[in-house]
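A.B. asks: What follows is entry18.cif, mmCIF, C-alpha atoms.
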```cif
data_input
#
loop_
_atom_site.group_PDB
_atom_site.id
_atom_site.type_symbol
_atom_site.label_atom_id
_atom_site.label_comp_id
_atom_site.auth_asym_id
_atom_site.auth_seq_id
_atom_site.Cartn_x
_atom_site.Cartn_y
_atom_site.Cartn_z
ATOM 1 C CA ALA A 12 4.458 -30.709 17.188
ATOM 2 C CA LEU A 13 7.332 -33.202 16.762
ATOM 3 C CA LYS A 14 9.874 -30.390 16.532
ATOM 4 C CA LEU A 15 8.449 -28.838 19.697
ATOM 5 C CA ALA A 16 8.510 -32.232 21.430
ATOM 6 C CA ARG A 17 12.193 -32.588 20.670
ATOM 7 C CA LEU A 18 12.706 -29.102 22.043
ATOM 8 C CA ASP A 19 10.606 -29.439 25.216
ATOM 9 C CA GLY A 20 7.843 -31.872 26.140
ATOM 10 C CA GLU A 21 5.811 -29.400 28.205
ATOM 11 C CA ILE A 22 5.827 -26.814 25.401
ATOM 12 C CA ALA A 23 4.639 -29.458 22.930
ATOM 13 C CA GLN A 24 1.835 -30.465 25.318
ATOM 14 C CA GLU A 25 0.655 -26.867 25.582
ATOM 15 C CA TYR A 26 0.642 -26.557 21.796
ATOM 16 C CA ILE A 27 -1.357 -29.786 21.304
ATOM 17 C CA ALA A 28 -3.790 -28.910 24.097
ATOM 18 C CA HIS A 29 -4.611 -25.570 22.469
ATOM 19 C CA LEU A 30 -4.771 -26.791 18.836
ATOM 20 C CA PRO A 31 -8.610 -26.858 18.657
ATOM 21 C CA GLN A 32 -8.697 -23.258 19.902
ATOM 22 C CA LEU A 33 -5.936 -22.202 17.512
ATOM 23 C CA VAL A 34 -7.747 -23.566 14.458
ATOM 24 C CA GLY A 35 -10.667 -21.290 15.266
ATOM 25 C CA LEU A 36 -8.480 -18.253 15.909
ATOM 26 C CA ALA A 37 -6.412 -17.968 12.742
ATOM 27 C CA PRO A 38 -6.136 -19.183 9.136
ATOM 28 C CA TYR A 39 -3.715 -22.009 8.454
ATOM 29 C CA GLN A 40 -1.284 -19.718 6.611
ATOM 30 C CA HIS A 41 -0.943 -17.507 9.649
ATOM 31 C CA LEU A 42 -0.655 -20.388 12.126
ATOM 32 C CA GLU A 43 2.518 -21.511 10.374
ATOM 33 C CA ASP A 44 4.070 -18.096 10.978
ATOM 34 C CA TRP A 45 2.757 -18.057 14.557
ATOM 35 C CA LEU A 46 4.265 -21.499 15.203
ATOM 36 C CA ARG A 47 7.601 -20.494 13.693
ATOM 37 C CA GLU A 48 7.818 -17.347 15.814
ATOM 38 C CA GLY A 49 6.923 -19.251 18.972
ATOM 39 C CA THR A 50 9.524 -21.937 18.289
ATOM 40 C CA VAL A 51 12.257 -19.317 17.949
ATOM 41 C CA MET A 52 11.113 -17.767 21.224
ATOM 42 C CA ALA A 53 11.055 -21.143 23.012
ATOM 43 C CA GLU A 54 14.580 -21.939 21.844
ATOM 44 C CA LYS A 55 15.794 -18.753 23.508
ATOM 45 C CA ASN A 56 13.642 -18.823 26.651
ATOM 46 C CA ARG A 57 11.759 -21.906 27.877
ATOM 47 C CA GLU A 58 9.378 -20.027 30.182
ATOM 48 C CA ALA A 59 8.497 -17.538 27.439
ATOM 49 C CA GLY A 60 7.871 -20.489 25.112
ATOM 50 C CA ILE A 61 5.462 -22.125 27.571
ATOM 51 C CA ALA A 62 3.542 -18.862 27.987
ATOM 52 C CA TYR A 63 3.442 -18.382 24.209
ATOM 53 C CA PHE A 64 2.027 -21.822 23.374
ATOM 54 C CA SER A 65 -0.379 -21.817 26.310
ATOM 55 C CA LEU A 66 -1.819 -18.573 24.866
ATOM 56 C CA GLU A 67 -0.926 -16.621 27.971
ATOM 57 C CA SER A 68 1.641 -14.223 26.501
ATOM 58 C CA LYS A 69 0.760 -10.856 24.974
ATOM 59 C CA THR A 70 3.050 -11.541 22.019
ATOM 60 C CA SER A 71 1.193 -14.739 21.170
ATOM 61 C CA LEU A 72 -2.283 -13.267 21.567
ATOM 62 C CA ASP A 73 -1.440 -10.111 19.606
ATOM 63 C CA TYR A 74 -0.156 -12.250 16.744
ATOM 64 C CA LEU A 75 -3.361 -14.307 16.694
ATOM 65 C CA ARG A 76 -5.619 -11.245 16.886
ATOM 66 C CA ARG A 77 -3.780 -9.791 13.919
ATOM 67 C CA ALA A 78 -4.250 -13.069 12.071
ATOM 68 C CA GLN A 79 -8.024 -12.844 12.486
ATOM 69 C CA ASP A 80 -8.029 -9.558 10.603
ATOM 70 C CA THR A 81 -5.631 -10.618 7.850
ATOM 71 C CA VAL A 82 -6.872 -10.730 4.266
ATOM 72 C CA TYR A 83 -4.986 -12.989 1.842
ATOM 73 C CA LEU A 84 -4.569 -12.167 -1.826
ATOM 74 C CA ASP A 85 -5.133 -15.796 -2.836
ATOM 75 C CA ASP A 86 -8.624 -15.641 -1.350
ATOM 76 C CA ILE A 87 -9.718 -12.512 -3.215
ATOM 77 C CA SER A 88 -7.598 -12.436 -6.385
ATOM 78 C CA ARG A 89 -10.473 -13.549 -8.629
ATOM 79 C CA ILE A 90 -12.765 -10.864 -7.190
ATOM 80 C CA LEU A 91 -10.071 -8.237 -7.752
ATOM 81 C CA GLN A 92 -9.461 -9.436 -11.299
ATOM 82 C CA LEU A 93 -13.144 -9.064 -12.172
ATOM 83 C CA PHE A 94 -13.140 -5.664 -10.468
ATOM 84 C CA THR A 95 -10.151 -4.591 -12.573
ATOM 85 C CA GLU A 96 -11.749 -5.744 -15.800
ATOM 86 C CA GLY A 97 -14.925 -3.872 -14.913
ATOM 87 C CA LEU A 98 -13.017 -0.638 -14.332
ATOM 88 C CA SER A 99 -10.516 -0.753 -17.177
ATOM 89 C CA GLY A 100 -12.273 -2.908 -19.766
ATOM 90 C CA LYS A 101 -8.998 -4.796 -20.090
ATOM 91 C CA ARG A 102 -8.136 -8.344 -19.058
ATOM 92 C CA VAL A 103 -5.396 -7.948 -16.480
ATOM 93 C CA GLY A 104 -3.808 -10.551 -14.216
ATOM 94 C CA VAL A 105 -3.656 -10.118 -10.436
ATOM 95 C CA ARG A 106 -0.479 -11.481 -8.847
ATOM 96 C CA SER A 107 1.494 -11.162 -5.642
ATOM 97 C CA LEU A 108 4.439 -8.780 -5.385
ATOM 98 C CA SER A 109 6.768 -11.755 -5.049
ATOM 99 C CA GLN A 110 5.896 -12.671 -8.650
ATOM 100 C CA HIS A 111 6.922 -9.331 -10.148
ATOM 101 C CA PRO A 112 9.381 -9.475 -13.075
ATOM 102 C CA LYS A 113 12.932 -9.695 -11.812
ATOM 103 C CA GLY A 114 15.116 -6.730 -12.551
ATOM 104 C CA LEU A 115 12.238 -4.389 -13.283
ATOM 105 C CA LYS A 116 13.895 -0.999 -13.455
ATOM 106 C CA GLY A 117 13.109 1.415 -10.656
ATOM 107 C CA TYR A 118 10.884 -0.983 -8.696
ATOM 108 C CA THR A 119 11.570 -1.825 -5.048
ATOM 109 C CA GLY A 120 9.135 -4.733 -4.711
ATOM 110 C CA TYR A 121 7.173 -3.235 -1.800
ATOM 111 C CA TYR A 122 4.274 -1.180 -3.154
ATOM 112 C CA PRO A 123 1.436 -2.275 -5.477
ATOM 113 C CA PHE A 124 2.168 -1.605 -9.133
ATOM 114 C CA THR A 125 1.310 -2.693 -12.662
ATOM 115 C CA ASP A 126 3.580 -3.514 -15.583
ATOM 116 C CA GLY A 127 0.797 -3.171 -18.159
ATOM 117 C CA GLU A 128 -0.134 -6.862 -18.103
ATOM 118 C CA ASN A 129 -0.556 -7.687 -14.422
ATOM 119 C CA ILE A 130 -1.345 -5.870 -11.205
ATOM 120 C CA TYR A 131 1.004 -6.865 -8.365
ATOM 121 C CA LEU A 132 -0.267 -6.684 -4.786
ATOM 122 C CA PRO A 133 0.931 -7.762 -1.317
ATOM 123 C CA LEU A 134 0.457 -11.446 -0.489
ATOM 124 C CA SER A 135 -1.490 -10.494 2.645
ATOM 125 C CA ASN A 136 -2.556 -7.405 4.553
ATOM 126 C CA TYR A 137 -3.358 -6.899 8.234
ATOM 127 C CA GLU A 138 -2.334 -3.264 8.671
ATOM 128 C CA PHE A 139 -5.763 -1.709 9.217
ATOM 129 C CA GLY A 140 -7.145 -3.704 12.127
ATOM 130 C CA SER A 141 -10.216 -5.284 10.516
ATOM 131 C CA GLN A 142 -10.959 -7.564 7.579
ATOM 132 C CA SER A 143 -13.234 -4.997 5.967
ATOM 133 C CA LEU A 144 -10.563 -2.274 6.037
ATOM 134 C CA ASN A 145 -7.851 -4.652 4.878
ATOM 135 C CA PHE A 146 -10.040 -5.716 1.962
ATOM 136 C CA MET A 147 -10.749 -2.053 1.230
ATOM 137 C CA TYR A 148 -6.996 -1.471 0.907
ATOM 138 C CA TYR A 149 -6.797 -4.216 -1.724
ATOM 139 C CA LYS A 150 -9.840 -2.835 -3.544
ATOM 140 C CA LEU A 151 -8.484 0.717 -3.696
ATOM 141 C CA SER A 152 -4.962 -0.411 -4.619
ATOM 142 C CA THR A 153 -6.454 -2.428 -7.469
ATOM 143 C CA ALA A 154 -8.645 0.474 -8.578
ATOM 144 C CA HIS A 155 -5.645 2.815 -8.598
ATOM 145 C CA GLN A 156 -3.572 0.460 -10.736
ATOM 146 C CA ALA A 157 -6.517 -0.142 -13.078
ATOM 147 C CA GLY A 158 -6.789 3.638 -13.366
ATOM 148 C CA TYR A 159 -3.476 3.672 -15.226
ATOM 149 C CA PHE A 160 -5.205 1.754 -18.024
ATOM 150 C CA GLU A 161 -8.528 3.569 -17.908
ATOM 151 C CA PHE A 162 -7.122 7.100 -17.806
ATOM 152 C CA GLY A 163 -4.316 6.741 -20.320
ATOM 153 C CA SER A 164 -1.117 6.649 -18.229
ATOM 154 C CA PHE A 165 0.430 4.020 -20.490
ATOM 155 C CA HIS A 166 -0.023 6.299 -23.525
ATOM 156 C CA VAL A 167 3.043 8.281 -22.425
ATOM 157 C CA SER A 168 5.061 5.463 -20.855
ATOM 158 C CA THR A 169 7.421 5.030 -23.794
ATOM 159 C CA MET A 170 8.546 8.650 -23.704
ATOM 160 C CA LEU A 171 9.072 9.001 -19.958
ATOM 161 C CA GLY A 172 12.737 8.000 -19.905
ATOM 162 C CA LYS A 173 13.617 10.686 -22.443
ATOM 163 C CA PHE A 174 11.387 13.208 -20.656
ATOM 164 C CA PHE A 175 13.093 12.710 -17.277
ATOM 165 C CA LYS A 176 16.563 13.103 -18.811
ATOM 166 C CA LYS A 177 15.677 16.678 -19.791
ATOM 167 C CA PHE A 178 16.044 17.698 -16.137
ATOM 168 C CA PRO A 179 19.232 18.240 -14.101
ATOM 169 C CA LYS A 180 17.892 15.711 -11.568
ATOM 170 C CA PRO A 181 16.073 12.989 -13.562
ATOM 171 C CA GLN A 182 15.175 10.951 -10.470
ATOM 172 C CA LEU A 183 13.569 13.984 -8.831
ATOM 173 C CA ALA A 184 11.594 14.659 -12.017
ATOM 174 C CA ARG A 185 10.477 11.033 -12.023
ATOM 175 C CA ASP A 186 9.312 11.228 -8.406
ATOM 176 C CA ILE A 187 7.396 14.435 -9.072
ATOM 177 C CA PHE A 188 5.721 13.034 -12.188
ATOM 178 C CA TYR A 189 4.469 9.895 -10.450
ATOM 179 C CA LEU A 190 3.209 11.884 -7.471
ATOM 180 C CA VAL A 191 1.286 14.150 -9.833
ATOM 181 C CA GLU A 192 0.013 11.332 -12.046
ATOM 182 C CA ASP A 193 -1.114 9.308 -9.021
ATOM 183 C CA GLY A 194 -3.034 12.359 -7.813
ATOM 184 C CA ARG A 195 -4.685 12.714 -11.223
ATOM 185 C CA ILE A 196 -5.680 9.041 -11.277
ATOM 186 C CA ASP A 197 -7.196 9.145 -7.794
ATOM 187 C CA PHE A 198 -9.104 12.354 -8.575
ATOM 188 C CA LEU A 199 -10.645 10.783 -11.675
ATOM 189 C CA LEU A 200 -11.508 7.560 -9.855
ATOM 190 C CA LYS A 201 -13.276 9.547 -7.124
ATOM 191 C CA HIS A 202 -15.134 11.579 -9.746
ATOM 192 C CA TYR A 203 -16.313 8.763 -12.009
ATOM 193 C CA TYR A 204 -16.831 6.114 -9.318
ATOM 194 C CA ARG A 205 -18.611 7.919 -6.505
ATOM 195 C CA GLY A 206 -18.839 4.721 -4.469
ATOM 196 C CA LEU A 207 -15.056 4.764 -4.067
ATOM 197 C CA ARG A 208 -14.802 8.400 -2.989
ATOM 198 C CA GLN A 209 -15.350 8.027 0.740
ATOM 199 C CA ASP A 210 -12.992 5.045 0.982
ATOM 200 C CA PHE A 211 -10.285 6.897 -0.949
ATOM 201 C CA GLU A 212 -10.618 9.935 1.301
ATOM 202 C CA TRP A 213 -10.318 7.748 4.401
ATOM 203 C CA LEU A 214 -7.238 5.940 3.105
ATOM 204 C CA ILE A 215 -5.519 9.148 1.971
ATOM 205 C CA THR A 216 -6.155 10.780 5.351
ATOM 206 C CA HIS A 217 -4.827 7.662 7.076
ATOM 207 C CA PHE A 218 -1.555 7.606 5.140
ATOM 208 C CA LEU A 219 -0.993 11.357 5.339
ATOM 209 C CA GLY A 220 -1.584 11.203 9.083
ATOM 210 C CA ARG A 221 1.259 8.726 9.436
ATOM 211 C CA ARG A 222 3.787 11.023 7.774
ATOM 212 C CA PRO A 223 6.017 13.261 9.924
ATOM 213 C CA PRO A 224 5.059 16.962 10.123
ATOM 214 C CA ILE A 225 6.251 18.894 7.083
ATOM 215 C CA ASN A 226 8.290 21.345 9.148
ATOM 216 C CA CYS A 227 10.471 18.459 10.387
ATOM 217 C CA PHE A 228 12.235 18.285 7.016
ATOM 218 C CA PRO A 229 14.917 20.412 5.317
ATOM 219 C CA LEU A 230 13.577 22.939 2.815
ATOM 220 C CA GLN A 231 13.819 20.844 -0.384
ATOM 221 C CA GLN A 232 12.273 17.809 1.281
ATOM 222 C CA SER A 233 9.602 20.019 2.860
ATOM 223 C CA THR A 234 8.703 21.169 -0.642
ATOM 224 C CA MET A 235 8.251 17.563 -1.735
ATOM 225 C CA GLU A 236 6.149 16.864 1.348
ATOM 226 C CA CYS A 237 3.908 19.785 0.438
ATOM 227 C CA LEU A 238 3.550 18.277 -3.017
ATOM 228 C CA VAL A 239 2.677 14.883 -1.510
ATOM 229 C CA HIS A 240 -0.180 16.459 0.465
ATOM 230 C CA LEU A 241 -1.459 18.748 -2.292
ATOM 231 C CA SER A 242 -1.343 16.045 -4.974
ATOM 232 C CA THR A 243 -4.014 14.158 -3.023
ATOM 233 C CA GLY A 244 -6.364 17.124 -3.360
ATOM 234 C CA GLN A 245 -6.229 17.857 0.359
ATOM 235 C CA GLU A 246 -5.275 21.133 1.966
ATOM 236 C CA ILE A 247 -2.275 21.487 4.260
ATOM 237 C CA ASN A 248 -3.482 22.087 7.801
ATOM 238 C CA GLN A 249 -0.120 22.306 9.519
ATOM 239 C CA ASP A 250 2.123 25.013 10.904
ATOM 240 C CA LEU A 251 4.687 25.747 8.206
ATOM 241 C CA PRO A 252 7.657 28.108 8.077
ATOM 242 C CA PRO A 253 6.544 31.403 6.462
ATOM 243 C CA ILE A 254 8.908 30.776 3.546
ATOM 244 C CA LEU A 255 6.857 27.739 2.487
ATOM 245 C CA TRP A 256 3.391 29.301 2.211
ATOM 246 C CA PRO A 257 4.051 31.198 -1.068
ATOM 247 C CA LEU A 258 5.397 27.926 -2.445
ATOM 248 C CA VAL A 259 2.246 26.093 -1.334
ATOM 249 C CA VAL A 260 0.149 28.624 -3.269
ATOM 250 C CA LYS A 261 2.285 28.129 -6.385
ATOM 251 C CA LEU A 262 2.099 24.348 -6.101
ATOM 252 C CA ARG A 263 -1.681 24.429 -5.661
ATOM 253 C CA THR A 264 -2.012 26.580 -8.782
ATOM 254 C CA ALA A 265 0.376 24.380 -10.756
ATOM 255 C CA LEU A 266 -1.560 21.231 -9.813
ATOM 256 C CA ALA A 267 -4.953 22.614 -10.866
ATOM 257 C CA PRO A 268 -4.932 21.021 -14.371
ATOM 258 C CA ILE A 269 -4.797 17.469 -12.977
ATOM 259 C CA PHE A 270 -7.952 18.072 -10.932
ATOM 260 C CA GLN A 271 -10.117 18.396 -14.043
ATOM 261 C CA VAL A 272 -12.451 15.655 -15.260
ATOM 262 C CA HIS A 273 -10.950 15.696 -18.756
ATOM 263 C CA SER A 274 -7.300 15.725 -17.649
ATOM 264 C CA GLN A 275 -4.758 13.657 -19.555
ATOM 265 C CA PRO A 276 -1.282 12.246 -18.779
ATOM 266 C CA GLY A 277 0.130 15.189 -20.724
ATOM 267 C CA ASP A 278 -1.197 17.460 -17.981
ATOM 268 C CA SER A 279 0.922 15.575 -15.456
ATOM 269 C CA LEU A 280 3.958 16.034 -17.710
ATOM 270 C CA SER A 281 3.262 19.765 -17.946
ATOM 271 C CA VAL A 282 2.858 20.093 -14.161
ATOM 272 C CA THR A 283 6.142 18.250 -13.683
ATOM 273 C CA GLU A 284 7.905 20.694 -16.000
ATOM 274 C CA GLU A 285 6.401 23.674 -14.209
#
```
In structure tokens, how does this file's structure come out?

C.D. replies:
Amino acid sequence: ALKLARLDGEIAQEYIAHLPQLVGLAPYQHLEDWLREGTVMAEKNREAGIAYFSLESKTSLDYLRRAQDTVYLDDISRILQLFTEGLSGKRVGVRSLSQHPKGLKGYTGYYPFTDGENIYLPLSNYEFGSQSLNFMYYKLSTAHQAGYFEFGSFHVSTMLGKFFKKFPKPQLARDIFYLVEDGRIDFLLKHYYRGLRQDFEWLITHFLGRRPPINCFPLQQSTMECLVHLSTGQEINQDLPPILWPLVVKLRTALAPIFQVHSQPGDSLSVTEE
């Protein structure tokens, strides 16, 4: 409020007048971000700043609506940790992505992952438009990472570097392996934990629906896109160039071993080679 007062007295008055309403609209963590964004706006445009802090601008209201749906990792980390231990039988930490080990090879710092000791997840999530769906995203992300422990992915982790170097394009082999192994993990989770099946199917359909049509890509990338879709266990219901359909059949046949209830990480290695 003091910073806003130094900037403009009327803007500060609007902020103070609406504080009781703001406290009921969004968690404290999100109000800090809301305040910061509004201050930047007010510095550039006084009238826009007044509208923002008087809760009359679309930008301000959209930000606050999003805040109401946000789920924070700090609030649910203990629940997720117990969930992980129940699935994997292993004591695993749950941390935010910002806490991931620095310099971890091949990791971008954006997607959930596990290093074998901790599961790393986004600090917050508001992507899905409701608290229940945003929590579901955390639950399924945690289940997927716990699946690496439960279904043996770490049993082959020490040999992967050598395995990928066998191929002319090691990075491509790596991408294919993790696509295939992720598909195997999700299939097994849906099989053994029937309560997760419907949520997984919804989330997979959601993410696939956000991807560009397969026929938008050059041939090699289109092939990878086909693999992305088929590795989820879903069929491809898109118009494809005729040249791709025989490849889709071959990929579906090659992926069959990972969609078996007794599949192992070695099956994902074999599919990658094929």

A.B. asks: Exactly which residues make up the result of the PyMOL selection byres ((chain A and resi 109) around 12) on this file, given as a count of residues only?

C.D. replies: 21

A.B. asks: Taking the file as I've supplied it (selection: the PyMOL selection byres ((chain A and resi 272-281) around 6)), which residues are included? Please answer as an mmCIF file with C-alpha atoms, in the coordinates of the input.

C.D. replies:
```cif
data_model
loop_
_atom_site.group_PDB
_atom_site.id
_atom_site.type_symbol
_atom_site.label_atom_id
_atom_site.label_comp_id
_atom_site.auth_asym_id
_atom_site.auth_seq_id
_atom_site.Cartn_x
_atom_site.Cartn_y
_atom_site.Cartn_z
ATOM 1 C CA SER A 164 -1.117 6.649 -18.229
ATOM 2 C CA VAL A 191 1.286 14.150 -9.833
ATOM 3 C CA GLU A 192 0.013 11.332 -12.046
ATOM 4 C CA ILE A 269 -4.797 17.469 -12.977
ATOM 5 C CA GLN A 271 -10.117 18.396 -14.043
ATOM 6 C CA VAL A 282 2.858 20.093 -14.161
ATOM 7 C CA THR A 283 6.142 18.250 -13.683
ATOM 8 C CA GLU A 284 7.905 20.694 -16.000
#
```

A.B. asks: Let me know the residues the PyMOL selection byres ((chain A and resi 175) around 10) catches in the file above, as a list in words.

C.D. replies: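 So the PyMOL selection byres ((chain A and resi 175) around 10), applied here, picks out Met170, Leu171, Gly172, Lys173, Phe174, Lys176, Lys177, Phe178, Pro179, Lys180, Pro181, Gln182, Leu183, Ala184, Arg185, Asp186, Phe188, Leu280, Thr283 and Glu284 of chain A.
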
A.B. asks: What is the CA of Glu212 (chain A) to CA of Gly244 (chain A) distance in Å?

C.D. replies: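 Those two atoms sit 9.6 Å apart.
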
A.B. asks: For region 134-164 of chain A against region 74-80 of chain A, with a cut-off of 10 Å and counting all atoms listed in the file, what is the closest atom pair and its distance in Å to one decimal for every residue that makes the cut, ordered by chain and number, as CSV?

C.D. replies:
```
residue,atom,partner,partner_atom,distance
A:Asn136,CA,A:Asp80,CA,8.4
A:Tyr137,CA,A:Asp80,CA,5.9
A:Glu138,CA,A:Arg77,CA,8.5
A:Phe139,CA,A:Asp80,CA,8.3
A:Gly140,CA,A:Asp80,CA,6.1
A:Ser141,CA,A:Asp80,CA,4.8
A:Gln142,CA,A:Asp80,CA,4.7
A:Ser143,CA,A:Asp80,CA,8.3
A:Leu144,CA,A:Asp80,CA,9.0
A:Asn145,CA,A:Asp80,CA,7.5
A:Phe146,CA,A:Asp80,CA,9.7
```

A.B. asks: With all atoms listed in the file as the counted atoms, please give the residues lying no more than 9 Å from Lys150 (chain A), apart from itself and same-chain residues fewer than 5 positions off, as a list of chain:residue names.

C.D. replies: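 Those residues are A:Leu91, A:Phe94, A:Asn145, A:His155.
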
A.B. asks: What is the CA of Gly220 (chain A)-CA of Ile187 (chain A) distance in Å, reported with one decimal?

C.D. replies: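 Here the two named atoms are 20.5 Å from each other.
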
A.B. asks: For each of A:Thr50, A:Gln249, A:Ser99, A:Ser168, take the minimum atom-to-atom distance to Glu236 (chain A), counting all atoms listed in the file, then give the residue where this is smallest.

C.D. replies: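 Closest residue, counting all atoms listed in the file: A:Gln249.
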
A.B. asks: Rank nothing, just name the residue among A:Val51, A:Leu207, A:Leu190, A:Leu33 nearest to Leu151 (chain A), using all atoms listed in the file.

C.D. replies: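 Closest residue, counting all atoms listed in the file: A:Leu207.
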
A.B. asks: What would the list of residues within 12 Å of (9.2, -19.5, 17.5) (file frame) look like as number ranges by chain, if all atoms listed in the file are what count?

C.D. replies: A: 14-15, 18, 22, 26, 42-57, 59-64, 70-71, 74
